[in-house]
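Text of the file start_13.csv, holding CSV, C-alpha atoms:
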chain,number,residue,atom,x,y,z
A,177,MET,CA,-10.3,22.3,-12.8
A,178,THR,CA,-9.5,18.7,-12.0
A,179,ARG,CA,-11.9,16.5,-10.0
A,180,PHE,CA,-9.4,15.7,-7.3
A,181,PRO,CA,-6.3,17.9,-7.0
A,182,ILE,CA,-4.5,15.5,-4.6
A,183,VAL,CA,-4.4,11.7,-5.2
A,184,LEU,CA,-3.2,9.4,-2.5
A,185,LEU,CA,-1.8,6.3,-4.0
A,186,ASP,CA,-1.2,3.0,-2.2
A,187,TYR,CA,1.9,1.2,-3.3
A,188,ASP,CA,1.7,-2.6,-2.9
A,189,GLY,CA,-0.8,-4.0,-5.3
A,190,THR,CA,-1.7,-0.5,-6.7
A,191,LEU,CA,1.4,0.8,-8.4
A,192,ALA,CA,3.6,-2.3,-8.2
A,193,GLU,CA,3.2,-6.1,-8.1
A,194,THR,CA,5.0,-6.9,-4.9
A,195,ARG,CA,3.2,-10.0,-3.8
A,196,PRO,CA,5.9,-12.6,-4.9
A,197,ALA,CA,8.6,-10.7,-3.0
A,198,ILE,CA,6.4,-10.2,0.1
A,199,LEU,CA,5.3,-13.9,0.2
A,200,ARG,CA,8.8,-15.1,-0.2
A,201,SER,CA,10.1,-12.8,2.6
A,202,LEU,CA,7.2,-13.8,4.9
A,203,ALA,CA,7.9,-17.5,4.5
A,204,VAL,CA,11.7,-17.1,5.2
A,205,ALA,CA,11.1,-14.8,8.2
A,206,LEU,CA,8.6,-17.2,9.7
A,207,LYS,CA,11.0,-20.1,9.4
A,208,GLU,CA,13.7,-18.1,11.0
A,209,CYS,CA,11.3,-17.5,13.9
A,210,ASP,CA,10.7,-21.2,14.2
A,211,VAL,CA,7.1,-20.8,13.0
A,212,PRO,CA,6.0,-23.3,10.3
A,213,PRO,CA,4.9,-21.1,7.4
A,214,PRO,CA,1.2,-21.7,6.4
A,215,PRO,CA,0.4,-22.5,2.8
A,216,LEU,CA,1.1,-19.7,0.4
A,217,GLU,CA,-2.6,-19.4,-0.3
A,218,GLU,CA,-3.2,-18.6,3.4
A,219,LEU,CA,-0.4,-16.1,3.4
A,220,ALA,CA,-1.8,-14.5,0.3
A,221,GLN,CA,-5.2,-14.2,2.0
A,222,GLU,CA,-3.7,-12.4,4.9
A,223,LEU,CA,-1.7,-10.1,2.6
A,224,ALA,CA,-5.0,-9.3,0.8
A,225,ARG,CA,-6.3,-7.7,4.0
A,226,GLY,CA,-3.7,-4.9,3.8
A,227,ALA,CA,-2.4,-5.5,7.4
A,228,THR,CA,0.9,-4.2,8.8
A,229,LEU,CA,3.6,-6.8,9.4
A,230,GLY,CA,2.9,-6.8,13.1
A,231,GLU,CA,-0.8,-7.3,12.6
A,232,LEU,CA,-0.1,-10.1,10.2
A,233,PHE,CA,2.2,-11.9,12.6
A,234,ARG,CA,-0.3,-11.6,15.5
A,235,THR,CA,-2.9,-13.1,13.3
A,236,LEU,CA,-0.7,-16.0,12.3
A,237,MET,CA,0.7,-16.4,15.9
A,238,PRO,CA,-2.0,-15.5,18.4
A,239,GLY,CA,-0.6,-15.2,21.9
A,240,SER,CA,2.9,-14.3,20.6
A,241,THR,CA,5.1,-11.9,22.6
A,242,ALA,CA,6.2,-8.4,21.5
A,243,GLU,CA,9.8,-9.8,21.4
A,244,GLN,CA,8.8,-12.5,19.0
A,245,GLU,CA,6.9,-10.0,16.8
A,246,GLN,CA,10.0,-7.7,16.6
A,247,HIS,CA,12.2,-10.7,15.8
A,248,PHE,CA,9.9,-11.6,12.9
A,249,ILE,CA,9.7,-8.0,11.6
A,250,ALA,CA,13.5,-7.8,11.7
A,251,ALA,CA,13.9,-11.1,9.8
A,252,TYR,CA,11.4,-10.0,7.2
A,253,ARG,CA,13.1,-6.7,6.7
A,254,ASN,CA,16.5,-8.4,6.4
A,255,HIS,CA,15.3,-10.5,3.5
A,256,TYR,CA,12.9,-8.3,1.7
A,257,PRO,CA,15.3,-5.9,-0.2
A,258,ALA,CA,16.8,-8.7,-2.2
A,259,ALA,CA,13.5,-10.3,-3.0
A,260,ASP,CA,12.1,-6.9,-4.0
A,261,GLN,CA,15.0,-6.3,-6.4
A,262,GLU,CA,14.5,-9.7,-8.0
A,263,GLU,CA,10.7,-10.0,-8.2
A,264,THR,CA,8.9,-6.6,-8.0
A,265,PHE,CA,7.8,-4.7,-11.0
A,266,LEU,CA,5.5,-1.8,-11.7
A,267,PHE,CA,2.1,-2.5,-13.2
A,268,ASP,CA,1.9,-1.6,-16.9
A,269,GLY,CA,1.1,2.0,-17.3
A,270,ALA,CA,1.8,3.0,-13.6
A,271,ALA,CA,4.7,5.4,-14.4
A,272,GLU,CA,2.8,6.9,-17.3
A,273,MET,CA,-0.2,7.4,-15.1
A,274,ILE,CA,1.9,9.4,-12.6
A,275,GLU,CA,3.2,11.5,-15.4
A,276,GLY,CA,-0.3,12.0,-16.6
A,277,LEU,CA,-1.4,13.3,-13.1
A,278,HIS,CA,1.4,15.8,-13.4
A,279,ARG,CA,0.2,17.0,-16.8
A,280,LEU,CA,-3.3,17.5,-15.2
A,281,GLY,CA,-1.8,19.5,-12.4
A,282,ILE,CA,-2.7,16.8,-9.8
A,283,LYS,CA,-0.4,16.1,-6.9
A,284,PRO,CA,0.3,12.3,-6.5
A,285,VAL,CA,1.2,11.2,-2.9
A,286,ILE,CA,2.4,7.7,-2.0
A,287,LEU,CA,0.5,6.5,1.1
A,288,SER,CA,1.5,3.0,2.1
A,289,ASN,CA,1.7,0.8,5.2
A,290,LYS,CA,5.0,-0.5,3.8
A,291,HIS,CA,8.3,0.2,5.7
A,292,ARG,CA,9.2,3.7,4.5
A,293,PRO,CA,12.8,2.9,3.5
A,294,PHE,CA,11.5,0.1,1.3
A,295,VAL,CA,9.0,2.4,-0.4
A,296,ASP,CA,11.8,5.0,-1.0
A,297,ALA,CA,14.2,2.4,-2.4
A,298,SER,CA,11.5,1.1,-4.8
A,299,LEU,CA,10.5,4.5,-6.0
A,300,GLU,CA,14.1,5.4,-6.7
A,301,ARG,CA,14.7,2.2,-8.6
A,302,PHE,CA,11.7,2.8,-10.8
A,303,GLY,CA,12.6,6.5,-11.4
A,304,LEU,CA,9.5,7.8,-9.6
A,305,THR,CA,11.1,9.7,-6.6
A,306,GLY,CA,11.0,13.1,-8.2
A,307,ARG,CA,7.5,12.5,-9.7
A,308,VAL,CA,5.5,12.4,-6.5
A,309,ALA,CA,4.6,15.3,-4.1
A,310,ALA,CA,5.2,13.3,-0.9
A,311,VAL,CA,5.9,9.8,0.4
A,312,LEU,CA,4.2,8.5,3.5
A,313,GLY,CA,5.2,5.0,4.6
A,314,SER,CA,5.1,3.0,7.8
A,315,GLU,CA,7.2,4.7,10.5
A,316,PRO,CA,7.6,4.1,14.3
A,317,SER,CA,5.0,5.8,16.4
A,318,GLN,CA,3.0,7.0,13.4
A,319,PRO,CA,-0.5,5.9,12.7
A,320,ALA,CA,-1.1,3.6,9.8
A,321,LYS,CA,-4.1,2.9,7.5
A,322,PRO,CA,-7.0,2.5,8.2
A,323,ASP,CA,-6.6,4.8,11.2
A,324,ALA,CA,-8.2,8.2,10.3
A,325,ARG,CA,-5.3,9.9,12.1
A,326,VAL,CA,-3.2,9.2,9.1
A,327,MET,CA,-5.3,11.9,7.4
A,328,THR,CA,-5.4,14.4,10.2
A,329,ASP,CA,-1.9,14.0,11.5
A,330,ARG,CA,0.2,13.0,8.4
A,331,VAL,CA,-1.6,14.0,5.2
A,332,LEU,CA,-3.4,17.3,5.8
A,333,PRO,CA,-0.4,19.1,7.4
A,334,LEU,CA,1.4,18.6,4.0
A,335,PHE,CA,-1.3,20.6,2.2
A,336,PRO,CA,-2.4,23.6,4.2
A,337,GLY,CA,-5.7,25.0,3.0
A,338,ALA,CA,-6.7,21.8,1.2
A,339,ALA,CA,-10.3,20.6,1.7
A,340,ILE,CA,-11.3,17.0,2.4
A,341,GLU,CA,-13.1,17.1,-1.0
A,342,ASP,CA,-9.7,17.6,-2.7
A,343,PHE,CA,-8.5,14.1,-1.9
A,344,LEU,CA,-8.9,10.8,-3.6
A,345,MET,CA,-7.5,7.5,-2.1
A,346,VAL,CA,-6.6,4.9,-4.6
A,347,GLY,CA,-5.9,1.4,-3.3
A,348,ASP,CA,-6.4,-2.3,-3.6
A,349,THR,CA,-7.4,-3.6,-0.1
A,350,VAL,CA,-10.1,-3.2,2.5
A,351,THR,CA,-7.5,-1.3,4.5
A,352,ASP,CA,-7.4,1.5,1.9
A,353,ILE,CA,-11.1,1.7,1.6
A,354,ARG,CA,-11.7,1.7,5.3
A,355,PHE,CA,-9.1,4.4,5.8
A,356,ALA,CA,-10.7,6.6,3.2
A,357,GLN,CA,-14.2,6.2,4.6
A,358,ALA,CA,-12.9,6.8,8.1
A,359,ALA,CA,-11.2,10.0,6.9
A,360,GLY,CA,-14.2,11.2,4.9
A,361,ILE,CA,-12.5,11.2,1.5
A,362,ALA,CA,-13.4,9.6,-1.8
A,363,VAL,CA,-11.9,6.2,-2.6
A,364,CYS,CA,-11.2,4.3,-5.8
A,365,TRP,CA,-10.7,0.5,-5.5
A,366,VAL,CA,-8.3,-1.1,-8.0
A,367,SER,CA,-9.6,-4.5,-8.9
A,368,TYR,CA,-6.3,-5.8,-10.3
A,369,GLY,CA,-4.5,-5.7,-7.0
A,370,HIS,CA,-4.1,-7.9,-4.0
A,371,GLY,CA,-7.5,-7.3,-2.3
A,372,LEU,CA,-10.3,-9.7,-1.9
A,373,GLU,CA,-13.0,-8.8,-4.4
A,374,GLN,CA,-16.1,-9.6,-2.4
A,375,ALA,CA,-14.8,-7.9,0.8
A,376,CYS,CA,-13.7,-4.8,-1.1
A,377,ARG,CA,-16.8,-4.4,-3.2
A,378,GLY,CA,-18.9,-5.0,-0.1
A,379,LEU,CA,-17.5,-1.8,1.4
A,380,LYS,CA,-19.0,0.1,-1.6
A,381,PRO,CA,-16.0,2.2,-2.7
A,382,ASP,CA,-16.9,5.4,-4.7
A,383,PHE,CA,-15.1,4.3,-7.8
A,384,GLU,CA,-13.5,1.1,-9.3
A,385,ILE,CA,-10.9,0.7,-12.0
A,386,SER,CA,-9.5,-2.5,-13.5
A,387,ASP,CA,-6.4,-0.9,-15.0
A,388,VAL,CA,-4.1,1.7,-13.4
A,389,ARG,CA,-4.2,3.8,-16.5
A,390,ASP,CA,-8.0,4.3,-16.1
A,391,LEU,CA,-7.3,6.6,-13.2
A,392,LEU,CA,-6.5,9.4,-15.5
A,393,LYS,CA,-10.0,9.2,-17.0
A,394,LEU,CA,-11.5,9.3,-13.5
A,395,VAL,CA,-9.7,12.3,-12.3
A,396,GLY,CA,-9.2,14.3,-15.5

Please go through the file and, once you have read it, give me the structure as C-alpha coordinates.
Amino acid sequence: MTRFPIVLLDYDGTLAETRPAILRSLAVALKECDVPPPPLEELAQELARGATLGELFRTLMPGSTAEQEQHFIAAYRNHYPAADQEETFLFDGAAEMIEGLHRLGIKPVILSNKHRPFVDASLERFGLTGRVAAVLGSEPSQPAKPDARVMTDRVLPLFPGAAIEDFLMVGDTVTDIRFAQAAGIAVCWVSYGHGLEQACRGLKPDFEISDVRDLLKLVG
(Lines of atoms letter the chains of each structure in order from A and count residues from 1; the text may use other names and numbers.)
(Lines give C-alpha, C1' and ligand atoms only; values in the text may rest on other atoms or scores of the structure.)
Protein backbone atom coordinates (compact mmCIF):
# COMPACT_ATOMS: atom_id res chain seq x y z
CA MET A 1 0.00 0.00 0.00
CA THR A 2 1.35 3.43 -0.91
CA ARG A 3 2.11 6.01 1.71
CA PHE A 4 -0.12 8.70 0.17
CA PRO A 5 -2.79 7.52 -2.31
CA ILE A 6 -3.52 11.09 -3.46
CA VAL A 7 -0.79 13.63 -4.22
CA LEU A 8 -1.69 17.31 -4.68
CA LEU A 9 0.85 18.94 -6.97
CA ASP A 10 1.41 22.66 -7.26
CA TYR A 11 2.23 23.74 -10.82
CA ASP A 12 4.37 26.91 -10.95
CA GLY A 13 7.82 26.16 -9.59
CA THR A 14 6.92 22.55 -8.75
CA LEU A 15 6.23 20.87 -12.07
CA ALA A 16 7.25 23.65 -14.43
CA GLU A 17 9.68 26.57 -14.57
CA THR A 18 7.27 29.41 -15.24
CA ARG A 19 9.14 32.26 -13.57
CA PRO A 20 10.50 33.92 -16.77
CA ALA A 21 7.04 33.98 -18.38
CA ILE A 22 5.39 35.26 -15.20
CA LEU A 23 7.94 38.02 -14.57
CA ARG A 24 7.79 39.15 -18.19
CA SER A 25 3.99 39.29 -18.13
CA LEU A 26 3.92 41.09 -14.78
CA ALA A 27 6.29 43.79 -16.03
CA VAL A 28 4.28 44.37 -19.20
CA ALA A 29 0.95 44.43 -17.33
CA LEU A 30 2.23 46.94 -14.77
CA LYS A 31 3.44 49.24 -17.55
CA GLU A 32 0.05 49.05 -19.24
CA CYS A 33 -1.51 50.10 -15.93
CA ASP A 34 0.90 53.08 -15.73
CA VAL A 35 2.66 51.51 -12.75
CA PRO A 36 6.46 51.65 -12.97
CA PRO A 37 7.57 48.01 -12.65
CA PRO A 38 9.86 47.42 -9.65
CA PRO A 39 13.22 45.71 -10.26
CA LEU A 40 12.90 42.10 -11.40
CA GLU A 41 14.49 40.98 -8.14
CA GLU A 42 11.62 42.57 -6.20
CA LEU A 43 9.02 41.00 -8.47
CA ALA A 44 10.73 37.64 -8.04
CA GLN A 45 10.58 38.06 -4.25
CA GLU A 46 6.82 38.67 -4.44
CA LEU A 47 6.39 35.72 -6.78
CA ALA A 48 8.23 33.52 -4.27
CA ARG A 49 5.46 34.09 -1.74
CA GLY A 50 2.97 32.21 -3.92
CA ALA A 51 0.36 34.99 -3.89
CA THR A 52 -2.53 35.32 -6.31
CA LEU A 53 -2.36 38.04 -8.99
CA GLY A 54 -4.72 40.25 -7.04
CA GLU A 55 -2.73 39.89 -3.83
CA LEU A 56 0.50 40.65 -5.66
CA PHE A 57 -0.96 43.80 -7.21
CA ARG A 58 -2.30 45.03 -3.89
CA THR A 59 1.12 44.51 -2.33
CA LEU A 60 2.85 46.47 -5.08
CA MET A 61 0.12 49.14 -5.22
CA PRO A 62 -1.30 49.68 -1.73
CA GLY A 63 -4.46 51.75 -1.85
CA SER A 64 -5.29 50.69 -5.41
CA THR A 65 -8.93 50.36 -6.45
CA ALA A 66 -10.73 47.18 -7.45
CA GLU A 67 -11.01 48.60 -10.98
CA GLN A 68 -7.24 49.10 -11.19
CA GLU A 69 -6.68 45.56 -9.92
CA GLN A 70 -9.00 44.08 -12.54
CA HIS A 71 -7.29 46.13 -15.27
CA PHE A 72 -3.95 44.73 -14.19
CA ILE A 73 -5.21 41.14 -14.08
CA ALA A 74 -6.75 41.49 -17.55
CA ALA A 75 -3.51 42.94 -18.96
CA TYR A 76 -1.47 40.15 -17.40
CA ARG A 77 -3.76 37.44 -18.76
CA ASN A 78 -3.63 39.02 -22.20
CA HIS A 79 0.17 38.74 -22.36
CA TYR A 80 0.83 35.55 -20.43
CA PRO A 81 -0.14 32.88 -23.01
CA ALA A 82 2.50 34.01 -25.52
CA ALA A 83 5.17 34.32 -22.84
CA ASP A 84 4.25 30.89 -21.50
CA GLN A 85 4.53 29.30 -24.94
CA GLU A 86 7.96 30.82 -25.49
CA GLU A 87 9.59 30.46 -22.07
CA THR A 88 7.96 27.81 -19.87
CA PHE A 89 9.34 24.28 -19.63
CA LEU A 90 8.74 21.24 -17.42
CA PHE A 91 11.41 20.48 -14.87
CA ASP A 92 13.53 17.48 -15.82
CA GLY A 93 11.77 14.32 -14.73
CA ALA A 94 8.37 15.95 -14.02
CA ALA A 95 6.47 14.00 -16.69
CA GLU A 96 8.23 10.77 -15.73
CA MET A 97 7.38 11.39 -12.07
CA ILE A 98 3.68 11.66 -12.89
CA GLU A 99 3.89 8.43 -14.88
CA GLY A 100 5.60 6.86 -11.89
CA LEU A 101 2.74 7.91 -9.61
CA HIS A 102 0.35 6.12 -11.97
CA ARG A 103 2.41 2.95 -11.82
CA LEU A 104 2.22 3.08 -8.03
CA GLY A 105 -1.55 3.50 -8.14
CA ILE A 106 -1.36 7.05 -6.80
CA LYS A 107 -3.75 9.75 -8.03
CA PRO A 108 -1.93 12.99 -9.02
CA VAL A 109 -4.01 16.17 -8.71
CA ILE A 110 -2.88 19.58 -9.94
CA LEU A 111 -3.69 22.18 -7.26
CA SER A 112 -2.61 25.66 -8.31
CA ASN A 113 -3.45 29.31 -7.69
CA LYS A 114 -2.81 29.89 -11.39
CA HIS A 115 -5.68 30.92 -13.70
CA ARG A 116 -7.38 27.60 -14.56
CA PRO A 117 -7.34 28.08 -18.37
CA PHE A 118 -3.57 28.69 -18.24
CA VAL A 119 -3.03 25.50 -16.26
CA ASP A 120 -5.19 23.52 -18.69
CA ALA A 121 -3.34 24.93 -21.72
CA SER A 122 0.07 24.10 -20.25
CA LEU A 123 -0.88 20.58 -19.26
CA GLU A 124 -2.23 19.93 -22.75
CA ARG A 125 0.92 21.32 -24.37
CA PHE A 126 3.11 19.06 -22.25
CA GLY A 127 0.92 16.01 -22.81
CA LEU A 128 -0.14 15.70 -19.17
CA THR A 129 -3.89 16.34 -19.42
CA GLY A 130 -4.88 12.69 -19.39
CA ARG A 131 -2.30 11.74 -16.78
CA VAL A 132 -3.77 13.61 -13.80
CA ALA A 133 -6.87 12.72 -11.80
CA ALA A 134 -8.09 16.32 -11.52
CA VAL A 135 -7.05 19.92 -12.12
CA LEU A 136 -7.92 22.69 -9.68
CA GLY A 137 -6.81 26.19 -10.61
CA SER A 138 -7.82 29.72 -9.71
CA GLU A 139 -11.48 30.30 -10.50
CA PRO A 140 -13.91 33.15 -9.66
CA SER A 141 -15.62 32.84 -6.30
CA GLN A 142 -13.55 29.81 -5.34
CA PRO A 143 -11.12 29.81 -2.38
CA ALA A 144 -7.40 29.68 -3.17
CA LYS A 145 -4.39 28.37 -1.25
CA PRO A 146 -3.60 28.84 1.64
CA ASP A 147 -7.30 28.89 2.57
CA ALA A 148 -8.21 25.55 4.18
CA ARG A 149 -11.56 25.69 2.38
CA VAL A 150 -9.69 24.63 -0.75
CA MET A 151 -9.46 21.23 0.92
CA THR A 152 -12.96 21.02 2.34
CA ASP A 153 -14.84 22.65 -0.54
CA ARG A 154 -12.79 21.71 -3.62
CA VAL A 155 -10.54 18.71 -3.02
CA LEU A 156 -12.36 16.37 -0.65
CA PRO A 157 -15.61 16.32 -2.70
CA LEU A 158 -13.60 14.81 -5.57
CA PHE A 159 -12.59 11.83 -3.42
CA PRO A 160 -15.54 10.57 -1.38
CA GLY A 161 -14.39 8.35 1.45
CA ALA A 162 -10.79 9.55 1.38
CA ALA A 163 -9.20 10.37 4.73
CA ILE A 164 -7.06 13.42 5.45
CA GLU A 165 -4.12 11.06 5.98
CA ASP A 166 -4.40 9.96 2.33
CA PHE A 167 -3.22 13.32 0.98
CA LEU A 168 0.21 14.83 0.42
CA MET A 169 0.66 18.42 -0.77
CA VAL A 170 3.77 19.05 -2.88
CA GLY A 171 4.74 22.66 -3.50
CA ASP A 172 7.48 25.26 -3.55
CA THR A 173 6.21 28.28 -1.61
CA VAL A 174 5.01 29.25 1.85
CA THR A 175 1.49 29.36 0.40
CA ASP A 176 1.61 25.62 -0.32
CA ILE A 177 3.00 24.79 3.11
CA ARG A 178 0.53 27.01 4.96
CA PHE A 179 -2.36 25.55 2.99
CA ALA A 180 -1.36 21.98 3.87
CA GLN A 181 -0.88 22.81 7.53
CA ALA A 182 -4.21 24.63 7.69
CA ALA A 183 -5.92 21.67 6.01
CA GLY A 184 -4.22 19.16 8.29
CA ILE A 185 -2.47 17.22 5.53
CA ALA A 186 1.19 16.29 5.05
CA VAL A 187 3.34 18.60 2.95
CA CYS A 188 6.53 18.21 0.95
CA TRP A 189 8.50 21.34 0.09
CA VAL A 190 10.47 21.30 -3.18
CA SER A 191 13.66 23.28 -2.67
CA TYR A 192 14.35 23.74 -6.41
CA GLY A 193 11.29 25.95 -6.99
CA HIS A 194 10.42 29.61 -6.56
CA GLY A 195 10.03 29.71 -2.79
CA LEU A 196 12.21 31.52 -0.28
CA GLU A 197 14.39 28.93 1.45
CA GLN A 198 14.48 30.45 4.92
CA ALA A 199 10.75 31.18 5.01
CA CYS A 200 9.76 27.75 3.72
CA ARG A 201 12.08 25.77 5.96
CA GLY A 202 10.99 27.93 8.88
CA LEU A 203 7.48 26.53 8.53
CA LYS A 204 8.86 23.02 9.11
CA PRO A 205 7.32 21.06 6.22
CA ASP A 206 7.05 17.31 6.80
CA PHE A 207 9.31 16.46 3.89
CA GLU A 208 11.74 18.15 1.51
CA ILE A 209 13.07 17.14 -1.91
CA SER A 210 15.62 18.80 -4.16
CA ASP A 211 14.60 17.02 -7.38
CA VAL A 212 11.07 16.34 -8.62
CA ARG A 213 12.00 12.72 -9.31
CA ASP A 214 12.70 12.17 -5.60
CA LEU A 215 8.96 12.33 -4.94
CA LEU A 216 8.61 8.73 -6.11
CA LYS A 217 11.01 7.57 -3.41
CA LEU A 218 9.01 9.46 -0.81
CA VAL A 219 5.56 8.13 -1.70
CA GLY A 220 6.49 4.66 -2.99

Among listed residues A:Pro381, A:Arg307, A:Pro319, A:Leu312, nearest Met273 in chain A (using all atoms listed in the file): A:Arg307

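For the atom pair formed by CA of Glu222 in chain A and CA of Asp390 in chain A, the distance is 27.2 Å, given to one decimal.
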
Residue with smallest distance to Arg225 in chain A - pool A:Ala310, A:Leu280, A:Ala359, A:Glu373, counting all atoms listed in the file: A:Glu373

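Atom pair CA of Glu245 in chain A / CA of Pro215 in chain A: separated by 19.9 Å.
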
What's around range 284-300 of chain A at 6 Å? Count all atoms listed in the file, leave out sequence neighbours fewer than 2 positions away in its own chain, and write the answer as a VMD selection string. chain A and resid 183 to 187 302 to 305 308 to 314

With distances taken over all atoms listed in the file, which residue among A:Ala227, A:Leu219, A:Ala270, A:Ala203 lies nearest Asp387 in chain A? A:Ala270

Between A:Ile282, A:Glu272, A:Ser317, A:Ala324, which has the minimum distance to Asp342 in chain A (counting only C-alpha atoms)? A:Ile282

I'd like the neighbourhood of Val363 in chain A as JSON, numbers by chain, where a residue qualifies if any of its atoms comes within 6 Å (using only C-alpha atoms), though same-chain residues fewer than 2 positions away should be ignored. {"A": [344, 345, 346, 356, 381, 382]}

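Straight-line separation from CA of Ala224 in chain A to CA of His370 in chain A: 5.1 Å.
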
Which polymer residues have any atom within 12 Å of an atom of Glu218 in chain A, counting only C-alpha atoms, with same-chain residues fewer than 5 positions away left out, as a count of residues only? 10

At a cut-off of 12 Å from (-13.7, -11.1, 5.2) in the coordinates of the file, what residues are picked up using all atoms listed in the file, written as a ChimeraX atom specification? /A:221-222,224-226,349-351,371-379

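Among the candidates A:Leu191, A:Cys364, A:Ile385, A:Val326, the one nearest to Leu266 in chain A when counting all atoms listed in the file is A:Leu191.
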
Using all atoms listed in the file for the distances, tell me which of A:Pro212, A:Gly239, A:Gly347, A:Pro196 is nearest to Val366 in chain A. A:Gly347

Give me the residues within 12 Å of Ser240 in chain A as a ChimeraX atom specification, counting all atoms listed in the file and dropping any in the same chain fewer than 5 places off. /A:209,211,230-235,245-248

Pull range 234-246 of chain A out of the block and emit all heavy atoms, as a CSV table (one decimal), in the first residue's frame.
chain,number,residue,atom,x,y,z
A,234,ARG,N,-2.0,44.2,-5.1
A,234,ARG,CA,-2.3,45.0,-3.9
A,234,ARG,C,-1.1,45.3,-3.0
A,234,ARG,O,-0.9,46.3,-2.4
A,234,ARG,CB,-3.4,44.4,-3.1
A,234,ARG,CG,-4.8,44.3,-3.7
A,234,ARG,CD,-5.9,43.9,-2.8
A,234,ARG,NE,-5.8,42.6,-2.3
A,234,ARG,CZ,-6.3,41.5,-3.0
A,234,ARG,NH1,-6.9,41.7,-4.2
A,234,ARG,NH2,-6.2,40.3,-2.5
A,235,THR,N,-0.1,44.3,-3.0
A,235,THR,CA,1.1,44.5,-2.3
A,235,THR,C,2.0,45.6,-3.0
A,235,THR,O,2.6,46.4,-2.4
A,235,THR,CB,1.9,43.2,-2.3
A,235,THR,OG1,1.1,42.2,-1.5
A,235,THR,CG2,3.3,43.4,-1.6
A,236,LEU,N,2.0,45.5,-4.3
A,236,LEU,CA,2.8,46.5,-5.1
A,236,LEU,C,2.2,47.8,-5.1
A,236,LEU,O,2.9,48.9,-5.3
A,236,LEU,CB,3.1,46.0,-6.5
A,236,LEU,CG,3.9,44.7,-6.7
A,236,LEU,CD1,3.9,44.2,-8.1
A,236,LEU,CD2,5.3,44.9,-6.2
A,237,MET,N,0.9,47.9,-5.1
A,237,MET,CA,0.1,49.1,-5.2
A,237,MET,C,-0.9,49.3,-4.1
A,237,MET,O,-2.1,49.2,-4.3
A,237,MET,CB,-0.6,49.2,-6.6
A,237,MET,CG,0.3,49.4,-7.8
A,237,MET,SD,1.0,51.1,-7.7
A,237,MET,CE,-0.4,52.1,-7.9
A,238,PRO,N,-0.4,49.5,-2.9
A,238,PRO,CA,-1.3,49.7,-1.7
A,238,PRO,C,-2.2,50.9,-2.0
A,238,PRO,O,-1.8,51.9,-2.5
A,238,PRO,CB,-0.4,49.9,-0.5
A,238,PRO,CG,0.9,50.3,-1.1
A,238,PRO,CD,1.0,49.7,-2.5
A,239,GLY,N,-3.5,50.7,-1.6
A,239,GLY,CA,-4.5,51.7,-1.8
A,239,GLY,C,-5.1,51.7,-3.2
A,239,GLY,O,-5.9,52.6,-3.6
A,240,SER,N,-4.7,50.8,-4.1
A,240,SER,CA,-5.3,50.7,-5.4
A,240,SER,C,-6.8,50.3,-5.3
A,240,SER,O,-7.2,49.7,-4.4
A,240,SER,CB,-4.5,49.7,-6.3
A,240,SER,OG,-4.6,48.4,-5.6
A,241,THR,N,-7.5,50.7,-6.4
A,241,THR,CA,-8.9,50.4,-6.4
A,241,THR,C,-9.2,49.0,-7.1
A,241,THR,O,-8.3,48.4,-7.7
A,241,THR,CB,-9.7,51.4,-7.3
A,241,THR,OG1,-9.2,51.3,-8.7
A,241,THR,CG2,-9.4,52.8,-6.8
A,242,ALA,N,-10.4,48.5,-6.9
A,242,ALA,CA,-10.7,47.2,-7.4
A,242,ALA,C,-10.7,47.3,-9.0
A,242,ALA,O,-10.3,46.3,-9.6
A,242,ALA,CB,-12.1,46.8,-7.0
A,243,GLU,N,-11.0,48.4,-9.5
A,243,GLU,CA,-11.0,48.6,-11.0
A,243,GLU,C,-9.6,48.5,-11.5
A,243,GLU,O,-9.3,47.9,-12.5
A,243,GLU,CB,-11.6,49.9,-11.3
A,243,GLU,CG,-11.7,50.2,-12.8
A,243,GLU,CD,-12.4,51.5,-13.2
A,243,GLU,OE1,-12.7,52.3,-12.3
A,243,GLU,OE2,-12.6,51.8,-14.4
A,244,GLN,N,-8.6,49.2,-10.8
A,244,GLN,CA,-7.2,49.1,-11.2
A,244,GLN,C,-6.7,47.7,-11.1
A,244,GLN,O,-6.0,47.2,-12.0
A,244,GLN,CB,-6.4,50.0,-10.3
A,244,GLN,CG,-6.6,51.5,-10.5
A,244,GLN,CD,-5.9,52.3,-9.5
A,244,GLN,OE1,-5.9,52.0,-8.3
A,244,GLN,NE2,-5.2,53.4,-9.9
A,245,GLU,N,-7.1,47.0,-10.1
A,245,GLU,CA,-6.7,45.6,-9.9
A,245,GLU,C,-7.2,44.7,-11.1
A,245,GLU,O,-6.4,43.9,-11.6
A,245,GLU,CB,-7.2,45.0,-8.6
A,245,GLU,CG,-6.8,43.6,-8.3
A,245,GLU,CD,-7.3,43.1,-7.0
A,245,GLU,OE1,-7.3,43.9,-6.0
A,245,GLU,OE2,-7.7,41.9,-6.9
A,246,GLN,N,-8.4,44.9,-11.4
A,246,GLN,CA,-9.0,44.1,-12.5
A,246,GLN,C,-8.3,44.4,-13.9
A,246,GLN,O,-8.1,43.6,-14.7
A,246,GLN,CB,-10.5,44.3,-12.6
A,246,GLN,CG,-11.3,43.6,-11.5
A,246,GLN,CD,-11.0,42.2,-11.3
A,246,GLN,OE1,-11.0,41.4,-12.3
A,246,GLN,NE2,-10.6,41.8,-10.1
